[in-house]
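What's in upload.txt: compact mmCIF, C-alpha atoms
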# COMPACT_ATOMS: atom_id res chain seq x y z
CA ASN A 1 0.00 0.00 0.00
CA ILE A 2 2.86 2.37 0.79
CA ILE A 3 4.42 1.68 -2.62
CA MET A 4 1.08 2.31 -4.31
CA THR A 5 1.01 5.67 -2.52
CA VAL A 6 4.61 6.67 -3.25
CA LEU A 7 4.63 5.89 -6.98
CA PRO A 8 1.52 7.95 -7.88
CA LEU A 9 2.93 10.76 -5.71
CA LEU A 10 6.18 10.80 -7.67
CA VAL A 11 4.38 10.72 -11.01
CA SER A 12 1.96 13.46 -9.95
CA VAL A 13 4.85 15.66 -8.79
CA ALA A 14 6.53 15.21 -12.17
CA PHE A 15 3.45 16.34 -14.05
CA LEU A 16 2.71 19.11 -11.55
CA THR A 17 6.01 20.71 -12.53
CA LEU A 18 4.95 20.45 -16.17
CA SER A 19 1.55 21.98 -15.48
CA GLU A 20 3.10 24.79 -13.44
CA ARG A 21 5.48 25.70 -16.25
CA ALA A 22 2.65 25.60 -18.76
CA VAL A 23 0.36 27.80 -16.65
CA MET A 24 3.19 30.22 -15.91
CA GLY A 25 3.91 30.44 -19.62
CA SER A 26 0.27 31.25 -20.30
CA LEU A 27 0.20 33.91 -17.57
CA GLN A 28 3.34 35.55 -18.93
CA ARG A 29 2.29 35.31 -22.61
CA ARG A 30 5.14 33.02 -23.62
CA MET A 31 5.64 29.45 -24.72
CA GLY A 32 5.78 26.88 -21.97
CA PRO A 33 7.48 23.49 -22.35
CA ALA A 34 6.54 22.38 -25.86
CA VAL A 35 9.64 20.71 -27.33
CA SER A 36 9.98 17.30 -25.64
CA GLY A 37 6.99 15.28 -26.80
CA ALA A 38 3.44 16.43 -27.39
CA PHE A 39 2.73 19.50 -25.22
CA GLY A 40 6.09 18.95 -23.53
CA ILE A 41 4.88 15.79 -21.79
CA LEU A 42 8.38 14.26 -21.73
CA GLN A 43 9.99 17.33 -20.13
CA PRO A 44 9.65 16.12 -16.50
CA PHE A 45 11.37 12.84 -17.36
CA TRP A 46 14.26 14.66 -19.04
CA ASP A 47 14.56 16.94 -16.00
CA GLY A 48 14.71 13.94 -13.70
CA PHE A 49 17.25 12.20 -15.93
CA LYS A 50 19.42 15.33 -15.99
CA LEU A 51 19.44 15.50 -12.18
CA ALA A 52 20.13 11.76 -11.87
CA VAL A 53 23.26 11.85 -14.06
CA LYS A 54 24.75 14.95 -12.44
CA GLU A 55 27.67 14.46 -10.08
CA PRO A 56 26.71 14.62 -6.38
CA ILE A 57 28.98 17.15 -4.70
CA LEU A 58 29.81 17.14 -0.99
CA PRO A 59 31.11 20.49 0.31
CA ALA A 60 34.60 20.29 1.78
CA ASN A 61 33.68 21.20 5.36
CA ALA A 62 30.18 19.70 5.41
CA ALA A 63 28.98 17.15 7.95
CA ALA A 64 28.53 14.24 5.54
CA GLY A 65 26.07 12.16 7.56
CA ILE A 66 23.70 15.02 8.30
CA PHE A 67 24.15 16.36 4.77
CA TYR A 68 22.89 13.13 3.21
CA ALA A 69 20.23 12.51 5.88
CA ALA A 70 18.46 15.89 5.53
CA PRO A 71 16.76 15.26 2.15
CA LEU A 72 15.77 11.75 3.29
CA ILE A 73 14.10 13.23 6.39
CA CYS A 74 12.10 15.63 4.21
CA ILE A 75 10.90 13.00 1.73
CA CYS A 76 10.12 10.45 4.46
CA ILE A 77 7.97 12.96 6.34
CA CYS A 78 6.19 13.86 3.09
CA VAL A 79 5.45 10.20 2.31
CA ALA A 80 4.40 9.52 5.92
CA SER A 81 1.99 12.46 5.74
CA TRP A 82 0.36 11.11 2.58
CA CYS A 83 0.16 7.62 4.07
CA THR A 84 -1.50 9.08 7.18
CA LEU A 85 -4.03 10.85 4.99
CA LEU A 86 -4.83 8.00 2.60
CA LEU A 87 -4.01 4.67 4.24
CA THR A 88 -4.60 4.98 7.96
CA ASP A 89 -7.74 5.31 10.02
CA LEU A 90 -6.23 6.87 13.12
CA SER A 91 -8.57 8.49 15.59
CA ILE A 92 -5.95 11.22 15.96
CA GLY A 93 -5.09 11.44 12.25
CA GLY A 94 -5.33 15.24 12.06
CA LEU A 95 -3.20 15.69 15.17
CA PHE A 96 -0.64 13.18 13.87
CA LEU A 97 -0.43 15.06 10.57
CA LEU A 98 0.28 18.31 12.44
CA LEU A 99 3.02 16.46 14.31
CA LEU A 100 4.60 15.31 11.05
CA SER A 101 4.43 18.79 9.57
CA SER A 102 6.27 20.17 12.60
CA LEU A 103 8.97 17.51 12.20
CA ALA A 104 9.57 18.70 8.62
CA VAL A 105 11.35 21.69 10.14
CA TYR A 106 14.25 19.45 11.16
CA GLY A 107 15.01 18.34 7.60
CA VAL A 108 15.29 21.95 6.45
CA LEU A 109 17.30 22.96 9.51
CA LEU A 110 19.78 20.09 9.16
CA ALA A 111 20.17 20.76 5.42
CA GLY A 112 21.23 24.35 6.01
CA TYR A 113 23.36 23.59 9.06
CA SER A 114 25.28 20.63 7.63
CA CYS A 115 26.53 22.49 4.55
CA ASN A 116 28.78 24.79 6.60
CA SER A 117 27.74 27.60 4.26
CA LYS A 118 26.49 30.97 5.46
CA TYR A 119 24.08 31.25 2.52
CA ALA A 120 22.50 27.86 3.19
CA PHE A 121 22.37 28.54 6.93
CA LEU A 122 20.69 31.91 6.43
CA GLY A 123 18.16 30.25 4.12
CA CYS A 124 17.40 27.48 6.62
CA LEU A 125 16.90 29.98 9.45
CA ARG A 126 14.38 31.90 7.38
CA SER A 127 12.63 28.69 6.35
CA VAL A 128 12.37 27.39 9.91
CA SER A 129 11.06 30.67 11.29
CA LEU A 130 8.51 30.85 8.47
CA MET A 131 7.27 27.27 8.95
CA ILE A 132 6.97 27.54 12.73
CA SER A 133 5.16 30.89 12.56
CA TYR A 134 2.47 29.79 10.13
CA GLU A 135 1.98 26.33 11.66
CA LEU A 136 0.50 28.09 14.69
CA VAL A 137 -2.15 29.78 12.53
CA ILE A 138 -2.96 26.49 10.77
CA SER A 139 -3.43 24.76 14.13
CA VAL A 140 -5.84 27.44 15.36
CA VAL A 141 -7.85 27.27 12.11
CA ILE A 142 -8.15 23.49 12.42
CA LEU A 143 -9.47 24.00 15.95
CA CYS A 144 -12.20 26.21 14.47
CA VAL A 145 -13.18 23.37 12.12
CA ILE A 146 -13.20 20.88 15.01
CA LEU A 147 -15.50 23.16 17.02
CA GLU A 148 -17.93 23.35 14.11
CA THR A 149 -17.99 19.61 13.33
CA ARG A 150 -17.94 18.57 17.03
CA ASP A 151 -15.50 15.87 15.96
CA GLY A 152 -11.86 15.85 17.02
CA ASN A 153 -11.20 12.37 15.63
CA GLY A 154 -9.44 11.72 12.33
CA PHE A 155 -9.83 14.49 9.76
CA PRO A 156 -13.03 16.49 10.39
CA CYS A 157 -14.72 17.14 7.05
CA LEU A 158 -16.61 20.39 6.67
CA ASN A 159 -18.50 21.65 3.62
CA LEU A 160 -18.87 25.42 3.82
CA THR A 161 -21.91 25.37 1.50
CA GLU A 162 -23.84 23.30 4.05
CA THR A 163 -23.06 25.31 7.17
CA ALA A 164 -25.33 27.84 8.85
CA SER A 165 -25.07 31.45 7.75
CA GLN A 166 -23.77 32.66 11.12
CA THR A 167 -20.91 30.17 11.08
CA LYS A 168 -20.03 31.00 7.48
CA ILE A 169 -19.08 34.47 8.68
CA ILE A 170 -16.36 32.80 10.77
CA LEU A 171 -15.39 29.78 8.71
CA ILE A 172 -14.97 31.51 5.34
CA PRO A 173 -12.28 33.85 6.76
CA ALA A 174 -10.79 30.80 8.52
CA GLY A 175 -10.60 29.00 5.18
CA LEU A 176 -8.90 32.02 3.64
CA LEU A 177 -6.38 32.02 6.49
CA PHE A 178 -5.74 28.32 5.92
CA TYR A 179 -5.16 28.99 2.21
CA ILE A 180 -2.67 31.79 2.93
CA CYS A 181 -0.83 29.66 5.49
CA SER A 182 -0.74 26.77 3.01
CA LEU A 183 1.21 29.02 0.64
CA ALA A 184 3.59 29.91 3.46
CA GLU A 185 3.96 26.33 4.74
CA SER A 186 4.82 25.05 1.26
CA LYS A 187 7.20 28.01 0.72
CA ARG A 188 5.49 29.36 -2.36
CA VAL A 189 5.13 32.91 -3.63
CA PRO A 190 4.66 35.37 -1.98
CA PHE A 191 6.28 33.51 0.94
CA ASP A 192 9.19 31.92 -0.93
CA LEU A 193 11.91 34.16 0.49
CA PRO A 194 13.79 31.11 1.89
CA GLU A 195 14.50 30.21 -1.75
CA ALA A 196 14.87 33.72 -3.17
CA GLU A 197 17.29 33.38 -6.08
CA ALA A 198 18.43 37.01 -6.05
CA GLU A 199 19.46 37.13 -2.37
CA LEU A 200 20.27 33.61 -1.19
CA VAL A 201 21.19 31.85 -4.45
CA ALA A 202 18.84 28.93 -3.70
CA GLY A 203 18.14 28.97 0.02
CA TYR A 204 18.79 26.07 2.38
CA ASN A 205 19.50 23.59 -0.45
CA VAL A 206 22.05 25.74 -2.28
CA GLU A 207 24.85 23.19 -1.81
CA TYR A 208 22.80 20.21 -3.01
CA SER A 209 23.02 18.81 -6.52
CA SER A 210 21.99 15.66 -8.36
CA LEU A 211 19.51 13.44 -6.51
CA GLY A 212 19.81 15.38 -3.25
CA PHE A 213 18.31 18.44 -4.90
CA ALA A 214 15.73 16.27 -6.67
CA VAL A 215 14.58 14.74 -3.36
CA PHE A 216 14.07 18.21 -1.84
CA PHE A 217 12.17 19.22 -4.98
CA VAL A 218 9.84 16.20 -4.81
CA ALA A 219 9.23 16.70 -1.07
CA GLU A 220 8.36 20.37 -1.59
CA TYR A 221 5.84 19.67 -4.35
CA GLY A 222 4.45 16.73 -2.41
CA ASN A 223 3.82 19.00 0.57
CA THR A 224 2.18 21.58 -1.70
CA LEU A 225 -0.17 18.88 -3.00
CA LEU A 226 -0.83 17.76 0.57
CA MET A 227 -1.87 21.27 1.62
CA ALA A 228 -4.27 21.43 -1.35
CA ALA A 229 -5.75 18.10 -0.23
CA LEU A 230 -6.19 19.35 3.33
CA ILE A 231 -8.03 22.43 2.08
CA ASN A 232 -10.42 20.06 0.29
CA ILE A 233 -10.97 17.92 3.38
CA TYR A 234 -11.33 20.64 5.98
CA PHE A 235 -13.38 23.16 4.01
CA LEU A 236 -14.85 21.49 0.91
CA GLY A 237 -16.10 18.33 2.57
CA LYS A 238 -14.30 15.66 0.55
CA LEU A 239 -11.09 14.54 -1.11
CA ASN A 240 -11.55 15.29 -4.81
CA SER A 241 -8.73 15.16 -7.36
CA ALA A 242 -10.32 17.83 -9.58
CA LEU A 243 -10.62 20.23 -6.64
CA ILE A 244 -7.02 19.52 -5.63
CA ALA A 245 -5.89 20.33 -9.18
CA ALA A 246 -7.94 23.55 -9.15
CA ILE A 247 -6.38 24.65 -5.85
CA PHE A 248 -2.90 23.88 -7.18
CA VAL A 249 -3.62 25.99 -10.28
CA SER A 250 -4.65 28.81 -7.95
CA PHE A 251 -1.27 28.46 -6.20
CA ILE A 252 0.40 28.90 -9.60
CA TRP A 253 -1.83 31.88 -10.35
CA VAL A 254 -0.75 33.51 -7.09
CA ARG A 255 2.88 32.87 -8.02
CA GLY A 256 2.45 34.59 -11.37
CA THR A 257 0.58 37.55 -9.88
CA LEU A 258 2.02 38.61 -6.52
CA PRO A 259 5.51 39.87 -5.67
CA ARG A 260 7.69 38.38 -2.96
CA TYR A 261 7.52 39.77 0.59
CA ARG A 262 10.54 40.90 2.56
CA TYR A 263 11.51 38.72 5.52
CA ASP A 264 10.36 41.24 8.13
CA MET A 265 7.07 41.69 6.28
CA PHE A 266 6.02 38.05 6.19
CA MET A 267 7.03 37.55 9.83
CA GLN A 268 4.97 40.59 10.78
CA ILE A 269 2.00 39.29 8.77
CA GLY A 270 2.20 35.93 10.51
CA TRP A 271 2.56 37.08 14.11
CA LYS A 272 0.81 40.47 14.14
CA SER A 273 -1.98 39.93 11.61
CA LEU A 274 -2.89 36.31 10.86
CA LEU A 275 -2.40 34.80 14.32
CA PRO A 276 -4.54 37.42 16.18
CA VAL A 277 -7.25 37.09 13.52
CA ALA A 278 -7.18 33.28 13.80
CA LEU A 279 -7.45 33.47 17.61
CA ALA A 280 -10.36 35.92 17.32
CA LEU A 281 -12.14 33.58 14.90
CA TYR A 282 -11.58 30.67 17.26
CA LEU A 283 -13.06 32.59 20.20
CA ALA A 284 -16.02 33.68 18.09
CA GLN A 285 -16.63 30.10 16.92
CA ALA A 286 -16.40 28.84 20.49
CA SER A 287 -18.89 31.47 21.71
CA LEU A 288 -21.36 30.66 18.94
CA GLY A 289 -21.04 26.90 19.23
CA TYR A 290 -21.16 26.60 22.98
For the file at hand, write its structure as structure tokens.
Amino acid sequence: NIIMTVLPLLVSVAFLTLSERAVMGSLQRRMGPAVSGAFGILQPFWDGFKLAVKEPILPANAAAGIFYAAPLICICICVASWCTLLLTDLSIGGLFLLLLSSLAVYGVLLAGYSCNSKYAFLGCLRSVSLMISYELVISVVILCVILETRDGNGFPCLNLTETASQTKIILIPAGLLFYICSLAESKRVPFDLPEAEAELVAGYNVEYSSLGFAVFFVAEYGNTLLMAALINIYFLGKLNSALIAAIFVSFIWVRGTLPRYRYDMFMQIGWKSLLPVALALYLAQASLGY
């Protein structure tokens, strides 16, 4: 069952990169990938082959064990999250998924620390602070959903179209907060400063090449797809592949539309704007429900 989860995840990540490049090309009025095969369908396989045949480079002063373990930690947590969502029937599935998402911080932290590079270390510090800050908001929003469904077991499913009008006033902003924090948690524009090319070269994974970089890439897109799936479960009432694809396209649309925030700006948004609003929504939901 785990293999049947991992293989479709890898294939979907490959074609998600193709779809993102195609949508970005359309947004920017240019040609997307259209050379390798019909509609560029072979482009992801050539990209993977190119990364596989590149020489893996270990920095001279890097901690080799931690350096090689960091991408494995990231991909294992990503796969474990998908297995928790699809294969298990845990009574604490939602809580366990939050636990796994918090553990993903360690893969990023170890990747930046083990390289013995100031650029990678600066990128990992920004990534860790970003992930921790917005995980708090996500946790509070999930508590709002649990209060509405009266069900703290597993993954509480909530369909906003079927809720009462007074709770929609609270849950629709909560869903918007969850969407914004999903962008931040998956390190996508406008919260992709940890990987800002102009300032940090490539962020925490700047020293990685070959399959090490590819593993980080797959884990990042897998987590992006996971956040889209959680939006479906928590706010749209079901796990639907078409809805997941639509939410992912909206992530690409945001990337092609909005500029990148400065580091102080997205930390201020997380702690001084989103977290107080999420706590206020939680208190309002608790007062209405009980």
Practice item. Determine, counting all atoms listed in the file, which protein, DNA and RNA residues have an atom within 12 Å of an atom of Cys115 of chain A; residues of the same chain fewer than 6 positions away are not included. Present the result as a PyMOL selection string. Key: chain A and resi 57-70+108-109+121-124+203-208
Check your understanding: Interatomic distance between atom CA of Cys74 of chain A and atom CA of Gly107 of chain A?
Key ->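 Those two atoms sit 5.2 Å apart.
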Review point. Given the choices A:Phe213, A:Gly94, A:Leu130, A:Tyr113, which gets closest to Leu72 of chain A if the distance is worked out from only C-alpha atoms?
Key: A:Phe213
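Minimum distance to Gly175 of chain A across A:Ser209, A:Ser129, A:Asn232, A:Val79 (counting only C-alpha atoms) occurs at A:Asn232.
Neighbouring residues of Trp82 of chain A at 9 Å or closer, counting all atoms listed in the file and skipping chain neighbours under 6 positions away, are A:Thr5, A:Val6, A:Leu9, A:Leu97, A:Gly222, A:Asn223, A:Leu226.
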Exercise for review: Go ahead and find all residues with at least one atom no further than 9 Å from (-13.6, 28.0, 6.8) in the file's coordinates, using only C-alpha atoms; report them as a list of chain:residue names.
Suggested key: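 Residues with an atom at most 9 Å from (-13.6, 28.0, 6.8): A:Val141, A:Cys144, A:Val145, A:Leu158, A:Asn159, A:Leu160, A:Thr167, A:Lys168, A:Ile169, A:Ile170, A:Leu171, A:Ile172, A:Pro173, A:Ala174, A:Gly175, A:Leu176, A:Leu177, A:Phe178, A:Tyr234, A:Phe235, A:Leu236.
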Check your understanding: Excluding same-chain residues fewer than 3 positions from Val11 of chain A, what lies within 12 Å of it counting only C-alpha atoms, as a PyMOL selection string?
Key -> chain A and resi 4-8+14-18+41-42+44-45+48+218+221-222
Review point. What's the 10 Å shell around Leu87 of chain A, counting only C-alpha atoms, without same-chain residues fewer than 6 positions away, as an MDAnalysis selection string?
Key: chainID A and resid 1:2 5 80:81
Check your understanding: When you draw a straight line from atom CA of Ala228 of chain A to atom CA of Val189 of chain A, how long is it in Å?
Key ->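 We find that atom CA of Ala228 of chain A and atom CA of Val189 of chain A lie 15.0 Å from each other.
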Point to revise | Nearest residue to Ser101 of chain A from the set A:Tyr261, A:Trp46, A:Tyr134, A:Phe39 (distances using only C-alpha atoms) | key: A:Tyr134
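Residue nearest Leu258 of chain A within the list A:Phe191, A:Phe49, A:Ser19, A:Ser186: A:Phe191 [criterion: smallest interatomic distance, all atoms listed in the file].
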Point to revise | 7 Å contact set for Ser210 of chain A, all atoms listed in the file, chain neighbours under 3 positions out, as a PyMOL selection string | key: chain A and resi 51-56+213-214
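Comparing the minimum interatomic distances between Ile233 of chain A and each of A:Leu10, A:Ala22, A:Ala120, A:Ile142, counting all atoms listed in the file, we find that A:Ile142 sits nearest.
In this model, the gap between atom CA of Met227 of chain A and atom CA of Arg21 of chain A comes to 19.8 Å.
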Please write a file for segment 215-247 of chain A, taken from the block I just shared, that holds N, CA and C atoms and is laid out as a CSV table (one decimal), in the first residue's frame.
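Output saved as selection-v2.csv:
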chain,number,residue,atom,x,y,z
A,215,VAL,N,15.4,15.2,-4.5
A,215,VAL,CA,14.6,14.7,-3.4
A,215,VAL,C,13.9,15.9,-2.6
A,216,PHE,N,14.7,17.0,-2.4
A,216,PHE,CA,14.1,18.2,-1.8
A,216,PHE,C,12.9,18.7,-2.7
A,217,PHE,N,13.2,18.7,-4.0
A,217,PHE,CA,12.2,19.2,-5.0
A,217,PHE,C,10.9,18.4,-4.9
A,218,VAL,N,11.0,17.1,-4.9
A,218,VAL,CA,9.8,16.2,-4.8
A,218,VAL,C,9.1,16.4,-3.5
A,219,ALA,N,9.9,16.5,-2.4
A,219,ALA,CA,9.2,16.7,-1.1
A,219,ALA,C,8.5,18.0,-1.0
A,220,GLU,N,9.0,19.1,-1.6
A,220,GLU,CA,8.4,20.4,-1.6
A,220,GLU,C,7.1,20.3,-2.4
A,221,TYR,N,7.1,19.8,-3.6
A,221,TYR,CA,5.8,19.7,-4.3
A,221,TYR,C,4.9,18.7,-3.7
A,222,GLY,N,5.3,17.6,-3.1
A,222,GLY,CA,4.4,16.7,-2.4
A,222,GLY,C,3.7,17.4,-1.3
A,223,ASN,N,4.5,18.3,-0.5
A,223,ASN,CA,3.8,19.0,0.6
A,223,ASN,C,2.8,20.0,0.0
A,224,THR,N,3.1,20.6,-1.1
A,224,THR,CA,2.2,21.6,-1.7
A,224,THR,C,0.9,20.9,-2.1
A,225,LEU,N,1.0,19.7,-2.7
A,225,LEU,CA,-0.2,18.9,-3.0
A,225,LEU,C,-0.9,18.5,-1.8
A,226,LEU,N,-0.2,18.1,-0.7
A,226,LEU,CA,-0.8,17.8,0.6
A,226,LEU,C,-1.7,18.9,1.2
A,227,MET,N,-1.1,20.1,1.1
A,227,MET,CA,-1.9,21.3,1.6
A,227,MET,C,-3.1,21.5,0.8
A,228,ALA,N,-3.1,21.3,-0.5
A,228,ALA,CA,-4.3,21.4,-1.3
A,228,ALA,C,-5.3,20.4,-1.0
A,229,ALA,N,-4.8,19.2,-0.7
A,229,ALA,CA,-5.7,18.1,-0.2
A,229,ALA,C,-6.4,18.4,1.1
A,230,LEU,N,-5.6,19.0,2.0
A,230,LEU,CA,-6.2,19.3,3.3
A,230,LEU,C,-7.2,20.5,3.2
A,231,ILE,N,-7.0,21.4,2.3
A,231,ILE,CA,-8.0,22.4,2.1
A,231,ILE,C,-9.3,21.8,1.6
A,232,ASN,N,-9.2,20.8,0.8
A,232,ASN,CA,-10.4,20.1,0.3
A,232,ASN,C,-11.1,19.4,1.4
A,233,ILE,N,-10.4,18.7,2.3
A,233,ILE,CA,-11.0,17.9,3.4
A,233,ILE,C,-11.6,18.8,4.4
A,234,TYR,N,-10.9,19.8,4.9
A,234,TYR,CA,-11.3,20.6,6.0
A,234,TYR,C,-12.4,21.6,5.6
A,235,PHE,N,-12.4,22.1,4.3
A,235,PHE,CA,-13.4,23.2,4.0
A,235,PHE,C,-14.3,22.9,2.8
A,236,LEU,N,-14.0,21.8,2.0
A,236,LEU,CA,-14.9,21.5,0.9
A,236,LEU,C,-15.5,20.1,1.1
A,237,GLY,N,-15.3,19.5,2.2
A,237,GLY,CA,-16.1,18.3,2.6
A,237,GLY,C,-15.7,17.0,2.0
A,238,LYS,N,-14.7,16.9,1.1
A,238,LYS,CA,-14.3,15.7,0.6
A,238,LYS,C,-12.9,15.8,-0.1
A,239,LEU,N,-12.4,14.6,-0.4
A,239,LEU,CA,-11.1,14.5,-1.1
A,239,LEU,C,-11.4,14.3,-2.6
A,240,ASN,N,-11.2,15.3,-3.4
A,240,ASN,CA,-11.5,15.3,-4.8
A,240,ASN,C,-10.3,15.7,-5.6
A,241,SER,N,-9.9,14.9,-6.6
A,241,SER,CA,-8.7,15.2,-7.4
A,241,SER,C,-8.9,16.4,-8.2
A,242,ALA,N,-10.1,16.6,-8.8
A,242,ALA,CA,-10.3,17.8,-9.6
A,242,ALA,C,-10.2,19.1,-8.7
A,243,LEU,N,-10.7,19.1,-7.5
A,243,LEU,CA,-10.6,20.2,-6.6
A,243,LEU,C,-9.2,20.5,-6.2
A,244,ILE,N,-8.4,19.4,-6.0
A,244,ILE,CA,-7.0,19.5,-5.6
A,244,ILE,C,-6.3,20.2,-6.8
A,245,ALA,N,-6.5,19.7,-8.0
A,245,ALA,CA,-5.9,20.3,-9.2
A,245,ALA,C,-6.2,21.8,-9.3
A,246,ALA,N,-7.5,22.1,-9.1
A,246,ALA,CA,-7.9,23.6,-9.2
A,246,ALA,C,-7.2,24.4,-8.1
A,247,ILE,N,-7.1,23.9,-6.9
A,247,ILE,CA,-6.4,24.7,-5.8
A,247,ILE,C,-4.9,24.8,-6.2
